[in-house]
Structures are given as C-alpha cells and as structure tokens.
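Colleague: Shown below is the structure under consideration.
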2 protein chains.
Amino acid sequence: MTANVSFLDQLFNQGILYDSGVDGIYGRSADFEDVISRFEDLALSLGKDEISEAMVFPPGMPMTDFETSGYMKNFPQLAGTVHAFCGSDHDHMGLIQCMAAGEDWTENQKKTDLALTPAACYPLYPILAKRGPLPESGAYVALQSYCFRHEPSKEPTRMQMFRQREYVRVGTEEQTTAFRETWKQRGQEMMDLLELPHHVEVANDPFFGRAGRMLGSSQREQELKFELVIPVNEGASPTACMSFNYHMDNFGKAWNIQQADGSPAHTACVGFGLERLALALFRHHGFDVKAWPAGVRKSLWG
Amino acid sequence: MTANVSFLDQLFNQGILYDSGVDGIYGRSADFEDVISRFEDLALSLGKDEISEAMVFPPGMPMTDFETSGYMKNFPQLAGTVHAFCGSDHDHMGLIQCMAAGEDWTENQKKTDLALTPAACYPLYPILAKRGPLPESGAYVALQSYCFRHEPSKEPTRMQMFRQREYVRVGTEEQTTAFRETWKQRGQEMMDLLELPHHVEVANDPFFGRAGRMLGSSQREQELKFELVIPVNEGASPTACMSFNYHMDNFGKAWNIQQADGSPAHTACVGFGLERLALALFRHHGFDVKAWPAGVRKSLWG
C-alpha cells in the first residue's frame, strides 16, 4: 500500500471499482462481484437448515410501507424517495427548455409511490403481516436487497447504493434473541475463516438531530444493536461489516405482524454489508484474488 | 394453467414472486434468482472470448450523465430521480407533523445528484469517455444493472425495477454493426437451447408525446432496434426479452467517446431482460424448475 494514495484511488487504479464521478456510486469489477457472490454462498450455507424462505428484493419499496417503518422519523437525512415526470407534451417542452438553459428541471418531478429501500429487511415485514398470525415456529428468512443511504463519502466503505444480505428471525422474544446470539457467534467464526481482524461491539444507529442522540444512547444501553467491525479505511475507525439487531416488538407493532397467539411479533436481523466485506477482503488480502491466502480461497471458492 | 387466474397471481400463489402491493415491484424467490443467475452464466459464456471488461452497476447513476443521455428528452415519463431531505431539526419536526396528519411530506424532498439508471449501458459511456480515444480494437464490455422505468403494470413482464444484462460494443461502424448481427444470431440460438418460442422483429423505443411518434417511425425505418419477442402474457402481444440496438454515433457524440482516430465512436448493445427471460421460462416450462425439460436444465445447470 502506498501511504499517499487513498484506498479508494487504489481500488480505481486496480480496476476493482469504477469511478462514476459521484462519491459512493461505483461500478463493480467482475472480481469484486465474484467475491460478493462467494461470500453470499458462504453466508447462505450457514443458515440453510434453519430458514423457512429466501427472497431477493428490488432496490425500491412501497412508499406506504416506508412510511410505516418510521424511517423518516429517525433517519430522514439518509432516505431517498423516487420522483417522476407526470406532465403533458406542453409541460415536457418546458422541462426541455429548463434543461437546455441549465436551470433546475426537476421542480415538476412528482413523488411516486416508491422509496428507495433503506434496509434490506423492511420489504419483508409487510409481506409477513399480510399472511396473518405466524406459526409457532415463527419465520426465518434469508434475503438480499440493494439499499440506499444518502451520505456521499470518500470512504469506499460508505457507498450510497450497496447490497445487504440478511437473515431475519420473526417470532417470540426467545426465538429472536437466541437467533441473534447464534449469529453473533457465527459472524465471528466467518471472519476467522476469512482471516480478517475483527471484534464485536455495542452500537447505535445514526439517529437524526438532537432528539436522535438520546435514541442512540437508549439503544446502546438496551444493547439492541451490535456491530462486527473490521479496520478498512486508514486513519479511520474500523468499519461495521455486520450488524446484529434486536428490534423487540417495534416492527411487529408497526406492521401488525402477529405471533401465533396474536401478540405482536418480535424481530431480529443479522445484516452483512456485502460491499464492505468485499472491501475488507481486498484491503487485507490484496487486489489479486488469486493470491489470497489458501484458507481464505478455500472458504470462498471451495 | 387456469384460464381465470392471471399469470401474475399464479406467480404469487406459487411463491415465485412476492407481492409488495405496488404493481411492478416484487420480491423474488430463491428459484427465480437461481434461474436468473444461470441465465447470466449462459449469456456470459457466449461472449467470454471477446469481452475486454466486465462491470456491474448500482441502480443509480450521476444526474449529470443522466442529463447528457438525453433520456428526459425522449422518455421523460419513464425516468426516476432520487430526492432527499436536506433540512434542519426544525424542518424535520414539520415533516413529522405532515406525515402524522396524512399530508404530503415529500414537498421538501430536494433533488440529489442521482437518477435511477434507465438502461444498463448508460453508466458505461462516461467511464469510457474519460479514458480518452479508444484503442483500434474498440471496447467490448459485459455489464449488468438494475434499471428503473416508471410504468406500473399488472403484466409481470413490465416491472418498474428490473435487471438488464448487456453486452456493449464501442468502436467503428463496422465493429458495432457486425457485433449486433452476431448477437441477433446468438440470441436466437440461446432461445432454441432454452426451448422458448421466439422471433426477432424490428422495433422502436417508447418515445414520449406527439414528436415521439415520428422518432419511433424513423427508428424503425433505419432498423436501429430489433427485439426478440416471446409470448408470455395471455391475450397480449409477445414480450420483448432481448433487444439489439445500434445507436450510430449518437452516444459517442453525446458523451464524447472517441475512436482511435478521434472521430465519435459508434455504439451498439444487446440487452437481456433478465426478469422477462425468467418469466418466459416459468411460463413455458412450469413453476417447478426441477421438472423443466432435460435440454433446458442442461443448458442452464450444466
């Protein structure tokens, strides 16, 4: 590593990521994508005997469900909504004139019924709710989604559009808290297999504004969120590459997901930041995947 | 197939797609995703000796490049722009009050520097342009992206968020037109392997408004666009599942992509509508992938 070239520039120079000109929006190389696929296979293999279902979501979700999630209350600064042109031929001529004059042409973009998905598990909850009360065994879902967070950054680990793979457990308090403990352990074992330095620490979500600081403190006190962190960016705190979250019955109440006995379901999820984990691997094992340590290659490519 | 249950409802009932409540936004099952991955592997294997590079893009692209593309001039009705909250604590309180009162809280969502990607090859062109004149051999890129089109529909083949896999050829007129002919042939051979009924026809893009009708006619006359269509939706025209496009030097001029001799590059692309192709396979071979014809299974799973 050359100290005066940033990790992001090294990723561009080595052809691992492609610069779009907007921070946090990058093309991915074939090698980068292959690492992500292999990591996903590894993560999926660990839960295959437990899951009840697997789903992959598109990068957007219904606005109504996004509203129900409470995301705009807690993290308005990170959210993205999708807007579209709904005008006539005449309106369109105005738009083209604005654009030609270098003026803001987006003023007449109207909200659609879609928001960009902020967290991979959000689209799941309304699907479960619609089915009625859960079976006694609850639900144990493997899922994946592109997510959006509006936080442009030069740290390659802080992308605006990135993929999360998750396991989500929905059921009783016991089912969900036990699930979280299992995955806290498995997550660390996975990182040992991949020979990445790591530790798990209590954490909080980036709640917005003054009131948000109190919410963050409360979340830490109740130990609702843990993160597995890995040093990736030079001169910066280690990066959260997995998170282990227990939401109590907040989402059960918000979306009306019922346990078998009709009470609000508890939920927990383990999230894998796929781009962040790939970046951690490139950081610690080098840009040439063929030269990665034999044990790491075996864990990923078999 | 039960005639009075729509194909979309069958896909929901069979657990192939998950209903989000918004038309064109669906969760995908593990089987659905596996079919897409296998199809991508098949498509990638056919071009592997020719490509110069492979890239995967996130679902959004820089607004400036989106503007350069001319998409808002030709297809404003289909585009999506990303908007975000950029306010203070005080603004946030107003937003929460609006939301609680069931009023439109999105009025203060401001445009960001991102648009949703409308076609998988758009993010590629500015990357190529920045590198300066192409080598004599041009560029031959395999890529994939989520794309967005604002056209809610009950036809499962018309999703709002879907993935395109593409090959893009950039270089001389001869290189790009020969590429398109090669893939027109290969596309039909692939559909024969997958035992899907198909034919190729001249086509046009859905240009907006009155002026758009003339653009569409002109595109057809010049045979700039061909589509491979497959019957998928009952009682509807067959669905375009691949397209074979020659853009002349329009994109070369728009983004300033230069040939080795400094003249504007010609571009051509072949696009595979991944969700549409998966849906065509489920439509013609049934909902149980294990029961698909042996030849189809061999082509996809080897």
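Ordering of the structure tokens sets the chain letters (A, B, ...), residue numbers begin anew at 1 in every chain, and ligands are numbered from 1 in the order given.
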Neighbours of Phe148 (chain B) within 8 Å (only C-alpha atoms; same-chain residues fewer than 2 positions away dropped), as a PyMOL selection string?
Modeller: chain B and resi 59+78-80+116-119+146+150+160-162
Colleague: As a PDB file with all heavy atoms, in the first residue's frame, please: the residues near region 31-46 of chain B (cut-off 7 Å, only C-alpha atoms, same-chain neighbours under 3 positions excluded).
Modeller:
```pdb
ATOM      1  N   ILE B  16     -43.251 -17.752  -6.552  1.00  0.00           N
ATOM      2  CA  ILE B  16     -42.142 -17.380  -7.445  1.00  0.00           C
ATOM      3  C   ILE B  16     -41.822 -15.893  -7.272  1.00  0.00           C
ATOM      4  O   ILE B  16     -40.666 -15.479  -7.255  1.00  0.00           O
ATOM      5  CB  ILE B  16     -42.500 -17.655  -8.926  1.00  0.00           C
ATOM      6  CG1 ILE B  16     -42.973 -19.103  -9.111  1.00  0.00           C
ATOM      7  CG2 ILE B  16     -41.341 -17.310  -9.845  1.00  0.00           C
ATOM      8  CD1 ILE B  16     -41.912 -20.151  -8.941  1.00  0.00           C
ATOM      9  N   ARG B  28     -38.385 -11.539  -5.142  1.00  0.00           N
ATOM     10  CA  ARG B  28     -38.073 -12.697  -5.985  1.00  0.00           C
ATOM     11  C   ARG B  28     -37.731 -13.889  -5.096  1.00  0.00           C
ATOM     12  O   ARG B  28     -36.990 -13.737  -4.126  1.00  0.00           O
ATOM     13  CB  ARG B  28     -36.851 -12.419  -6.846  1.00  0.00           C
ATOM     14  CG  ARG B  28     -37.065 -11.559  -8.079  1.00  0.00           C
ATOM     15  CD  ARG B  28     -37.068 -10.084  -7.757  1.00  0.00           C
ATOM     16  NE  ARG B  28     -36.826  -9.277  -8.960  1.00  0.00           N
ATOM     17  CZ  ARG B  28     -37.290  -8.053  -9.146  1.00  0.00           C
ATOM     18  NH1 ARG B  28     -38.044  -7.461  -8.231  1.00  0.00           N
ATOM     19  NH2 ARG B  28     -37.001  -7.389 -10.250  1.00  0.00           N
ATOM     20  N   LEU B 274     -33.563  -9.697 -17.800  1.00  0.00           N
ATOM     21  CA  LEU B 274     -33.369 -10.924 -17.006  1.00  0.00           C
ATOM     22  C   LEU B 274     -34.665 -11.400 -16.371  1.00  0.00           C
ATOM     23  O   LEU B 274     -34.984 -12.591 -16.410  1.00  0.00           O
ATOM     24  CB  LEU B 274     -32.287 -10.688 -15.952  1.00  0.00           C
ATOM     25  CG  LEU B 274     -30.886 -10.436 -16.541  1.00  0.00           C
ATOM     26  CD1 LEU B 274     -29.895 -10.097 -15.426  1.00  0.00           C
ATOM     27  CD2 LEU B 274     -30.400 -11.657 -17.320  1.00  0.00           C
ATOM     28  N   ALA B 278     -36.625 -14.934 -17.294  1.00  0.00           N
ATOM     29  CA  ALA B 278     -37.004 -15.895 -16.248  1.00  0.00           C
ATOM     30  C   ALA B 278     -38.507 -16.164 -16.311  1.00  0.00           C
ATOM     31  O   ALA B 278     -38.956 -17.320 -16.241  1.00  0.00           O
ATOM     32  CB  ALA B 278     -36.598 -15.366 -14.877  1.00  0.00           C
ATOM     33  N   LEU B 300     -28.931 -24.658 -18.624  1.00  0.00           N
ATOM     34  CA  LEU B 300     -28.815 -23.696 -17.516  1.00  0.00           C
ATOM     35  C   LEU B 300     -27.963 -24.217 -16.373  1.00  0.00           C
ATOM     36  O   LEU B 300     -27.135 -23.501 -15.820  1.00  0.00           O
ATOM     37  CB  LEU B 300     -30.210 -23.323 -16.996  1.00  0.00           C
ATOM     38  CG  LEU B 300     -31.071 -22.485 -17.959  1.00  0.00           C
ATOM     39  CD1 LEU B 300     -32.479 -22.319 -17.409  1.00  0.00           C
ATOM     40  CD2 LEU B 300     -30.442 -21.113 -18.206  1.00  0.00           C
ATOM     41  N   TRP B 301     -28.182 -25.488 -15.990  1.00  0.00           N
ATOM     42  CA  TRP B 301     -27.491 -26.005 -14.804  1.00  0.00           C
ATOM     43  C   TRP B 301     -26.312 -26.914 -15.156  1.00  0.00           C
ATOM     44  O   TRP B 301     -25.607 -27.360 -14.280  1.00  0.00           O
ATOM     45  CB  TRP B 301     -28.481 -26.721 -13.881  1.00  0.00           C
ATOM     46  CG  TRP B 301     -29.333 -25.778 -13.082  1.00  0.00           C
ATOM     47  CD1 TRP B 301     -29.019 -25.219 -11.865  1.00  0.00           C
ATOM     48  CD2 TRP B 301     -30.629 -25.268 -13.424  1.00  0.00           C
ATOM     49  NE1 TRP B 301     -30.051 -24.403 -11.453  1.00  0.00           N
ATOM     50  CE2 TRP B 301     -31.048 -24.413 -12.380  1.00  0.00           C
ATOM     51  CE3 TRP B 301     -31.487 -25.449 -14.522  1.00  0.00           C
ATOM     52  CZ2 TRP B 301     -32.276 -23.733 -12.388  1.00  0.00           C
ATOM     53  CZ3 TRP B 301     -32.702 -24.766 -14.545  1.00  0.00           C
ATOM     54  CH2 TRP B 301     -33.079 -23.928 -13.485  1.00  0.00           C
TER      55      TRP B 301
END
```
Colleague: If you run DSSP on this backbone, which residues of region 19-245 of chain B come out as strand (DSSP E), and could you give them as a PyMOL selection string?
Modeller: chain B and resi 19+26-29+53-57+60-62+81-85+109-116+139-148+161-171+199-202+225-230+239-245
Colleague: I want to know what sits within 9 Å of Leu277 (chain B), based on only C-alpha atoms, with residues of the same chain fewer than 5 positions away left out; could you give that as a list in words?
Modeller: Ile36, Phe39, Thr157, Ile230, Cys241, Met242, Phe272 and Phe282 of chain B
Colleague: Could you please select, counting only C-alpha atoms, the residues of chain B within 6 Å of chain A and state them as a list of chain:residue names?
Modeller: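 Within 6 Å of chain A on chain B, we get B:Gly27, B:Arg28, B:Ser29, B:Ala30, B:Ala54, B:Met55, B:Val56, B:Phe57, B:Gln77, B:Gly80, B:Thr81, B:Val82, B:His83, B:Ala84, B:Phe85, B:Asp89, B:Gly209.
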Colleague: So the first atom is CA of Ile51 (chain A) and the second is CA of Tyr140 (chain A); what is the distance between them in Å, to one decimal place?
Modeller: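 Taking CA of Ile51 (chain A) and CA of Tyr140 (chain A), their separation equals 4.8 Å.
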Colleague: CA of Asn245 (chain A) and CA of Ser69 (chain A), how far apart in Å?
Modeller: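 The value is 15.4 Å.
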Colleague: Pick out the residues sitting within 7 Å of Leu193 (chain A), and hand them over as a list in words; count only C-alpha atoms, and ignore anything fewer than 3 positions along from it in its own chain.
Modeller: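 Result of the neighbour search: Glu189, Met190, Val296 and Ser299 of chain A.
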Colleague: With only C-alpha atoms as the atoms that count, which of A:Val5, A:Ala101, A:Val229, A:Val168 lies nearest to Ser52 (chain A)?
Modeller: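 For Ser52 (chain A), the nearest of the given residues is A:Val168.
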Colleague: Taking only C-alpha atoms into account, name the residue in A:Thr172, A:Thr177, A:Asn4, A:Gln14 that is nearest to Gln258 (chain A).
Modeller: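 Ranked by minimum distance to Gln258 (chain A), first place goes to A:Thr172.
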